[in-house]
file structure39.txt (compact mmCIF, C-alpha atoms)
# COMPACT_ATOMS: atom_id res chain seq x y z
CA ALA I 1 8.41 3.25 5.08
CA GLN I 2 8.20 4.67 8.53
CA LYS I 3 9.10 2.70 11.63
CA VAL I 4 9.04 3.24 15.37
CA THR I 5 11.14 1.20 17.77
CA GLN I 6 10.66 1.02 21.50
CA ALA I 7 13.48 -1.24 22.59
CA GLN I 8 12.32 -1.59 26.18
CA THR I 9 9.42 -4.01 26.42
CA GLU I 10 8.98 -3.71 30.18
CA ILE I 11 10.39 -1.51 32.92
CA SER I 12 9.83 -2.07 36.60
CA VAL I 13 10.57 0.66 39.15
CA VAL I 14 9.80 1.48 42.72
CA GLU I 15 7.58 4.43 43.43
CA LYS I 16 9.35 7.82 43.34
CA GLU I 17 12.04 6.58 41.00
CA ASP I 18 12.45 8.25 37.63
CA VAL I 19 11.87 6.22 34.51
CA THR I 20 12.88 7.02 30.94
CA LEU I 21 11.24 5.38 27.94
CA ASP I 22 13.17 5.28 24.70
CA CYS I 23 11.70 5.83 21.26
CA VAL I 24 13.62 5.75 17.99
CA TYR I 25 11.94 6.43 14.69
CA GLU I 26 12.65 6.15 10.97
CA THR I 27 11.09 8.29 8.29
CA ARG I 28 12.02 9.75 4.92
CA ASP I 29 9.79 12.76 5.32
CA THR I 30 11.00 16.12 6.52
CA THR I 31 7.59 16.95 7.98
CA TYR I 32 6.25 14.50 10.51
CA TYR I 33 4.71 14.31 13.95
CA LEU I 34 5.65 12.29 17.00
CA PHE I 35 3.27 11.23 19.72
CA TRP I 36 3.20 9.51 23.05
CA TYR I 37 0.11 7.69 24.29
CA LYS I 38 -0.60 5.98 27.59
CA GLN I 39 -2.71 2.82 27.77
CA PRO I 40 -3.70 1.99 31.36
CA PRO I 41 -5.06 -1.46 32.26
CA SER I 42 -8.56 -0.28 31.39
CA GLY I 43 -7.46 -0.24 27.74
CA GLU I 44 -8.23 3.24 26.51
CA LEU I 45 -5.52 5.24 24.77
CA VAL I 46 -4.71 8.53 26.47
CA PHE I 47 -2.98 11.19 24.41
CA LEU I 48 0.08 12.66 26.16
CA ILE I 49 1.95 14.79 23.65
CA ARG I 50 2.27 15.67 19.97
CA ARG I 51 5.45 17.20 18.58
CA ASN I 52 6.17 18.27 15.02
CA SER I 53 9.48 17.70 13.31
CA PHE I 54 10.37 21.38 13.28
CA ASP I 55 10.09 21.86 17.01
CA GLU I 56 13.02 20.34 18.83
CA GLN I 57 12.40 22.10 22.10
CA ASN I 58 12.12 19.79 25.04
CA GLU I 59 8.86 19.90 26.89
CA ILE I 60 7.86 19.46 30.50
CA SER I 61 4.35 18.87 31.75
CA GLY I 62 4.17 18.20 35.45
CA ARG I 63 6.10 15.02 36.15
CA TYR I 64 6.37 14.24 32.43
CA SER I 65 9.13 15.48 30.16
CA TRP I 66 10.09 14.75 26.59
CA ASN I 67 13.46 14.96 24.86
CA PHE I 68 13.32 15.26 21.06
CA GLN I 69 16.63 14.84 19.25
CA LYS I 70 16.39 14.92 15.49
CA SER I 71 20.09 14.11 15.11
CA THR I 72 19.53 10.69 16.66
CA SER I 73 15.88 10.28 15.54
CA SER I 74 14.81 9.86 19.12
CA PHE I 75 11.87 11.12 21.14
CA ASN I 76 12.36 9.91 24.70
CA PHE I 77 9.89 10.25 27.54
CA THR I 78 10.74 10.60 31.23
CA ILE I 79 8.42 10.22 34.18
CA THR I 80 9.87 11.90 37.24
CA ALA I 81 9.06 10.63 40.73
CA SER I 82 6.92 7.80 39.40
CA GLN I 83 3.65 6.86 41.04
CA VAL I 84 1.65 3.64 41.04
CA VAL I 85 -0.93 5.31 38.79
CA ASP I 86 1.76 5.61 36.13
CA SER I 87 1.64 1.85 35.64
CA ALA I 88 0.55 1.39 32.04
CA VAL I 89 1.76 0.59 28.57
CA TYR I 90 3.23 3.61 26.82
CA PHE I 91 3.28 3.88 23.05
CA CYS I 92 5.37 6.14 20.88
CA ALA I 93 3.91 6.86 17.44
CA LEU I 94 4.83 8.63 14.23
CA SER I 95 2.68 10.16 11.55
CA GLU I 96 3.57 11.52 8.18
CA GLU I 97 1.39 13.99 6.34
CA GLY I 98 -0.08 12.45 3.28
CA ALA I 99 -3.10 12.13 1.09
CA ALA I 100 -4.53 9.42 3.31
CA GLY I 101 -4.45 11.62 6.36
CA ASN I 102 -2.21 11.56 9.36
CA LYS I 103 -2.22 7.84 10.01
CA LEU I 104 -0.10 6.66 12.88
CA THR I 105 2.64 4.07 13.02
CA PHE I 106 3.07 2.77 16.54
CA GLY I 107 6.05 1.37 18.33
CA GLY I 108 5.74 -1.92 20.14
CA GLY I 109 5.03 -0.25 23.46
CA THR I 110 6.80 -0.25 26.82
CA ARG I 111 5.03 -1.65 29.84
CA VAL I 112 5.83 0.35 32.97
CA LEU I 113 5.20 -1.22 36.34
CA VAL I 114 5.53 1.07 39.33
CA LYS I 115 5.67 -0.79 42.62
CA PRO I 116 4.68 0.86 45.88
CA SER N 1 -10.78 17.68 21.69
CA ALA N 2 -13.11 15.19 20.06
CA VAL N 3 -15.22 12.81 22.15
CA ILE N 4 -15.49 9.38 20.60
CA SER N 5 -17.79 6.53 21.55
CA GLN N 6 -17.78 2.96 20.33
CA LYS N 7 -20.39 0.24 20.43
CA PRO N 8 -20.26 -2.45 21.60
CA SER N 9 -17.62 -2.03 24.27
CA ARG N 10 -17.02 -5.77 24.23
CA ASP N 11 -18.46 -8.91 22.73
CA ILE N 12 -17.95 -12.64 22.62
CA CYS N 13 -18.70 -14.17 19.25
CA GLN N 14 -18.70 -17.57 17.62
CA ARG N 15 -16.36 -18.31 14.76
CA GLY N 16 -17.86 -17.83 11.34
CA THR N 17 -20.10 -14.98 12.40
CA SER N 18 -19.70 -11.25 11.77
CA LEU N 19 -19.70 -8.27 14.11
CA THR N 20 -20.24 -4.62 13.25
CA ILE N 21 -18.56 -2.04 15.45
CA GLN N 22 -19.86 1.51 15.51
CA CYS N 23 -17.84 4.68 16.06
CA GLN N 24 -19.54 7.98 16.82
CA VAL N 25 -17.80 11.35 17.16
CA ASP N 26 -19.25 14.46 18.76
CA SER N 27 -17.96 16.75 16.00
CA GLN N 28 -17.34 16.60 12.29
CA VAL N 29 -14.04 15.06 11.33
CA THR N 30 -12.26 14.57 8.05
CA MET N 31 -10.53 11.29 8.65
CA MET N 32 -11.53 8.33 10.74
CA PHE N 33 -9.15 5.48 11.33
CA TRP N 34 -9.63 1.90 12.44
CA TYR N 35 -6.88 0.13 14.37
CA ARG N 36 -6.50 -3.39 15.68
CA GLN N 37 -4.61 -4.31 18.83
CA GLN N 38 -4.06 -8.02 19.19
CA PRO N 39 -3.47 -9.36 22.73
CA GLY N 40 -0.24 -8.02 24.18
CA GLN N 41 0.64 -6.28 20.93
CA SER N 42 0.84 -2.78 19.58
CA LEU N 43 -1.71 -1.06 17.42
CA THR N 44 -1.90 -1.70 13.70
CA LEU N 45 -3.84 0.46 11.28
CA ILE N 46 -6.53 -1.44 9.40
CA ALA N 47 -7.91 1.29 7.18
CA THR N 48 -8.66 4.96 6.77
CA ALA N 49 -12.30 5.91 6.29
CA ASN N 50 -13.23 9.01 4.31
CA GLN N 51 -16.77 10.27 3.98
CA GLY N 52 -18.12 9.73 0.49
CA SER N 53 -15.40 7.43 -0.79
CA GLU N 54 -14.11 3.91 -0.39
CA ALA N 55 -11.93 3.21 2.62
CA THR N 56 -8.19 2.89 2.11
CA TYR N 57 -6.85 -0.39 3.47
CA GLU N 58 -3.37 -1.10 4.76
CA SER N 59 -1.30 -4.00 3.59
CA GLY N 60 -2.61 -7.25 4.99
CA PHE N 61 -6.19 -6.03 5.40
CA VAL N 62 -8.90 -6.47 2.77
CA ILE N 63 -12.36 -5.07 2.29
CA ASP N 64 -14.05 -8.47 2.21
CA LYS N 65 -12.81 -9.22 5.70
CA PHE N 66 -13.15 -5.71 7.18
CA PRO N 67 -15.83 -3.78 5.30
CA ILE N 68 -16.10 -0.17 6.44
CA SER N 69 -18.85 2.38 6.06
CA ARG N 70 -18.58 6.17 6.49
CA PRO N 71 -22.03 7.61 5.79
CA ASN N 72 -21.31 11.06 7.28
CA LEU N 73 -18.67 13.17 8.99
CA THR N 74 -19.44 11.92 12.52
CA PHE N 75 -19.97 8.17 12.13
CA SER N 76 -18.28 5.04 10.83
CA THR N 77 -18.66 1.29 11.15
CA LEU N 78 -16.18 -1.54 10.90
CA THR N 79 -17.40 -5.08 10.30
CA VAL N 80 -15.26 -8.06 11.19
CA SER N 81 -16.50 -10.77 8.86
CA ASN N 82 -16.37 -14.56 9.07
CA MET N 83 -14.54 -14.33 12.37
CA SER N 84 -11.92 -16.75 13.64
CA PRO N 85 -10.15 -16.84 17.02
CA GLU N 86 -7.27 -14.90 15.43
CA ASP N 87 -9.60 -11.92 15.16
CA SER N 88 -9.77 -11.66 18.94
CA SER N 89 -8.44 -8.16 19.55
CA ILE N 90 -9.29 -4.68 20.67
CA TYR N 91 -10.58 -2.61 17.78
CA LEU N 92 -10.12 1.12 18.14
CA CYS N 93 -11.53 3.99 16.20
CA SER N 94 -9.60 7.24 16.02
CA VAL N 95 -10.24 10.59 14.43
CA ASP N 96 -8.26 13.39 12.90
CA PRO N 97 -10.36 16.51 13.44
CA LEU N 98 -10.80 19.24 10.88
CA ASP N 99 -8.55 21.51 12.88
CA SER N 100 -5.07 20.60 11.70
CA GLN N 101 -3.64 21.71 15.02
CA GLU N 102 -5.46 18.90 16.75
CA THR N 103 -4.05 15.49 17.32
CA GLN N 104 -5.54 12.08 16.90
CA TYR N 105 -7.91 10.95 19.57
CA PHE N 106 -9.01 7.41 20.18
CA GLY N 107 -12.26 5.82 21.14
CA PRO N 108 -12.47 3.53 24.18
CA GLY N 109 -12.12 0.43 21.98
CA THR N 110 -14.17 -2.69 21.39
CA ARG N 111 -12.85 -5.85 22.99
CA LEU N 112 -13.69 -8.82 20.81
CA LEU N 113 -13.27 -12.45 21.79
CA VAL N 114 -13.94 -15.07 19.15
CA LEU N 115 -14.50 -18.62 20.35
call {"tool": "encode", "arguments": {"input": "structure39.txt", "output": "structure tokens"}}
result
Amino acid sequence: AQKVTQAQTEISVVEKEDVTLDCVYETRDTTYYLFWYKQPPSGELVFLIRRNSFDEQNEISGRYSWNFQKSTSSFNFTITASQVVDSAVYFCALSEEGAAGNKLTFGGGTRVLVKP
Amino acid sequence: SAVISQKPSRDICQRGTSLTIQCQVDSQVTMMFWYRQQPGQSLTLIATANQGSEATYESGFVIDKFPISRPNLTFSTLTVSNMSPEDSSIYLCSVDPLDSQETQYFGPGTRLLVL
């Protein structure tokens, strides 16, 4: 069975600080996908990134960056120079290809609070 | 990307009643998924809805409690039956578009409060 662990339940930072969110996953499959979603206070889930298991290149998108390390089964997310608008709950998720479609297993989420 | 709408956006219901949540997508999709997010918790998959076949339920969820319909490739409904306060959650629909390069997108969710 697949599992996603986000050990940090809540992180509080002051604006302009960097914040790194940890995500560790477990899966028996060799082909899988990892995701990060943002859930602001309004409640909708905003897709941030999708990475497949064969692509270990790190990725940067603006102030966001992701570090995928297969050796440690981790897919960490860093927000650089955080802003108040980054305050949200962030979810890491894992999907395995299967007959039932690419259903997602979510981690418990990390609440990020950015103070002005 | 797929644009997903859900109705209702929120509702307050009495225990013992049922509520049907609708999910509409602006393009044809193979898979539709229903998730539940209990207050302060993460998302848990309820079931996968395929067009033309019975939904596939995850452990802990049963068809009698959460019947699902999938009449076509752009629409699905989830019914929460015989509700209790424990059913108070956000219910989210998500889709896995036909293009395998796409990711899963989520609807805005339905906030349900059961009194």
call {"tool": "residues_around", "arguments": {"input": "structure39.txt", "residues": "segment 19-22 of chain I", "least_positions_apart": "6", "cutoff": "7 Å", "atoms": "only C-alpha atoms", "output": "mmCIF file with C-alpha atoms, keeping the file's coordinate frame"}}
result
data_model
loop_
_atom_site.group_PDB
_atom_site.id
_atom_site.type_symbol
_atom_site.label_atom_id
_atom_site.label_comp_id
_atom_site.auth_asym_id
_atom_site.auth_seq_id
_atom_site.Cartn_x
_atom_site.Cartn_y
_atom_site.Cartn_z
ATOM 1 C CA GLN I 6 10.660 1.020 21.500
ATOM 2 C CA ALA I 7 13.480 -1.240 22.590
ATOM 3 C CA PHE I 75 11.870 11.120 21.140
ATOM 4 C CA ASN I 76 12.360 9.910 24.700
ATOM 5 C CA PHE I 77 9.890 10.250 27.540
ATOM 6 C CA THR I 78 10.740 10.600 31.230
ATOM 7 C CA ILE I 79 8.420 10.220 34.180
ATOM 8 C CA THR I 80 9.870 11.900 37.240
#
call {"tool": "interface_residues", "arguments": {"input": "structure39.txt", "of": "chain I", "to": "chain N", "cutoff": "8 Å", "atoms": "all atoms listed in the file", "output": "ChimeraX atom specification"}}
result
/I:43-47,50,91,100-109
call {"tool": "atom_distance", "arguments": {"input": "structure39.txt", "atom1": "atom CA of Leu34 of chain I", "atom2": "atom CA of Ala93 of chain I"}}
result
5.7 Å
call {"tool": "closest_residue", "arguments": {"input": "structure39.txt", "among": "I:Val13, I:Thr31, I:Val24, I:Asp18", "to": "Ser65 of chain I", "atoms": "all atoms listed in the file"}}
result
I:Asp18
call {"tool": "residues_around", "arguments": {"input": "structure39.txt", "residues": "segment 10-25 of chain N", "least_positions_apart": "5", "cutoff": "6 Å", "atoms": "all atoms listed in the file", "output": "compact mmCIF listing (two decimals) with C-alpha atoms, keeping the file's coordinate frame"}}
result
# COMPACT_ATOMS: atom_id res chain seq x y z
CA VAL N 3 -15.22 12.81 22.15
CA ILE N 4 -15.49 9.38 20.60
CA SER N 5 -17.79 6.53 21.55
CA THR N 74 -19.44 11.92 12.52
CA PHE N 75 -19.97 8.17 12.13
CA SER N 76 -18.28 5.04 10.83
CA THR N 77 -18.66 1.29 11.15
CA LEU N 78 -16.18 -1.54 10.90
CA THR N 79 -17.40 -5.08 10.30
CA VAL N 80 -15.26 -8.06 11.19
CA SER N 81 -16.50 -10.77 8.86
CA ASN N 82 -16.37 -14.56 9.07
CA MET N 83 -14.54 -14.33 12.37
CA SER N 84 -11.92 -16.75 13.64
CA THR N 110 -14.17 -2.69 21.39
CA ARG N 111 -12.85 -5.85 22.99
CA LEU N 112 -13.69 -8.82 20.81
CA LEU N 113 -13.27 -12.45 21.79
CA VAL N 114 -13.94 -15.07 19.15
CA LEU N 115 -14.50 -18.62 20.35
call {"tool": "residues_near_point", "arguments": {"input": "structure39.txt", "point": "(-1.7, -11.2, 19.6)", "cutoff": "10 Å", "atoms": "all atoms listed in the file", "output": "ChimeraX atom specification"}}
result
/N:36-42,86-89
call {"tool": "axis_aligned_box", "arguments": {"input": "structure39.txt", "around": "segment 108-113 of chain I", "padding_each_side": "5 Å", "output": "JSON"}}
result
{"center_x": 5.9, "center_y": -0.8, "center_z": 28.2, "size_x": 11.8, "size_y": 12.3, "size_z": 26.2}
call {"tool": "atom_distance", "arguments": {"input": "structure39.txt", "atom1": "atom CA of Asp86 of chain I", "atom2": "atom CA of Val114 of chain I"}}
result
6.7 Å
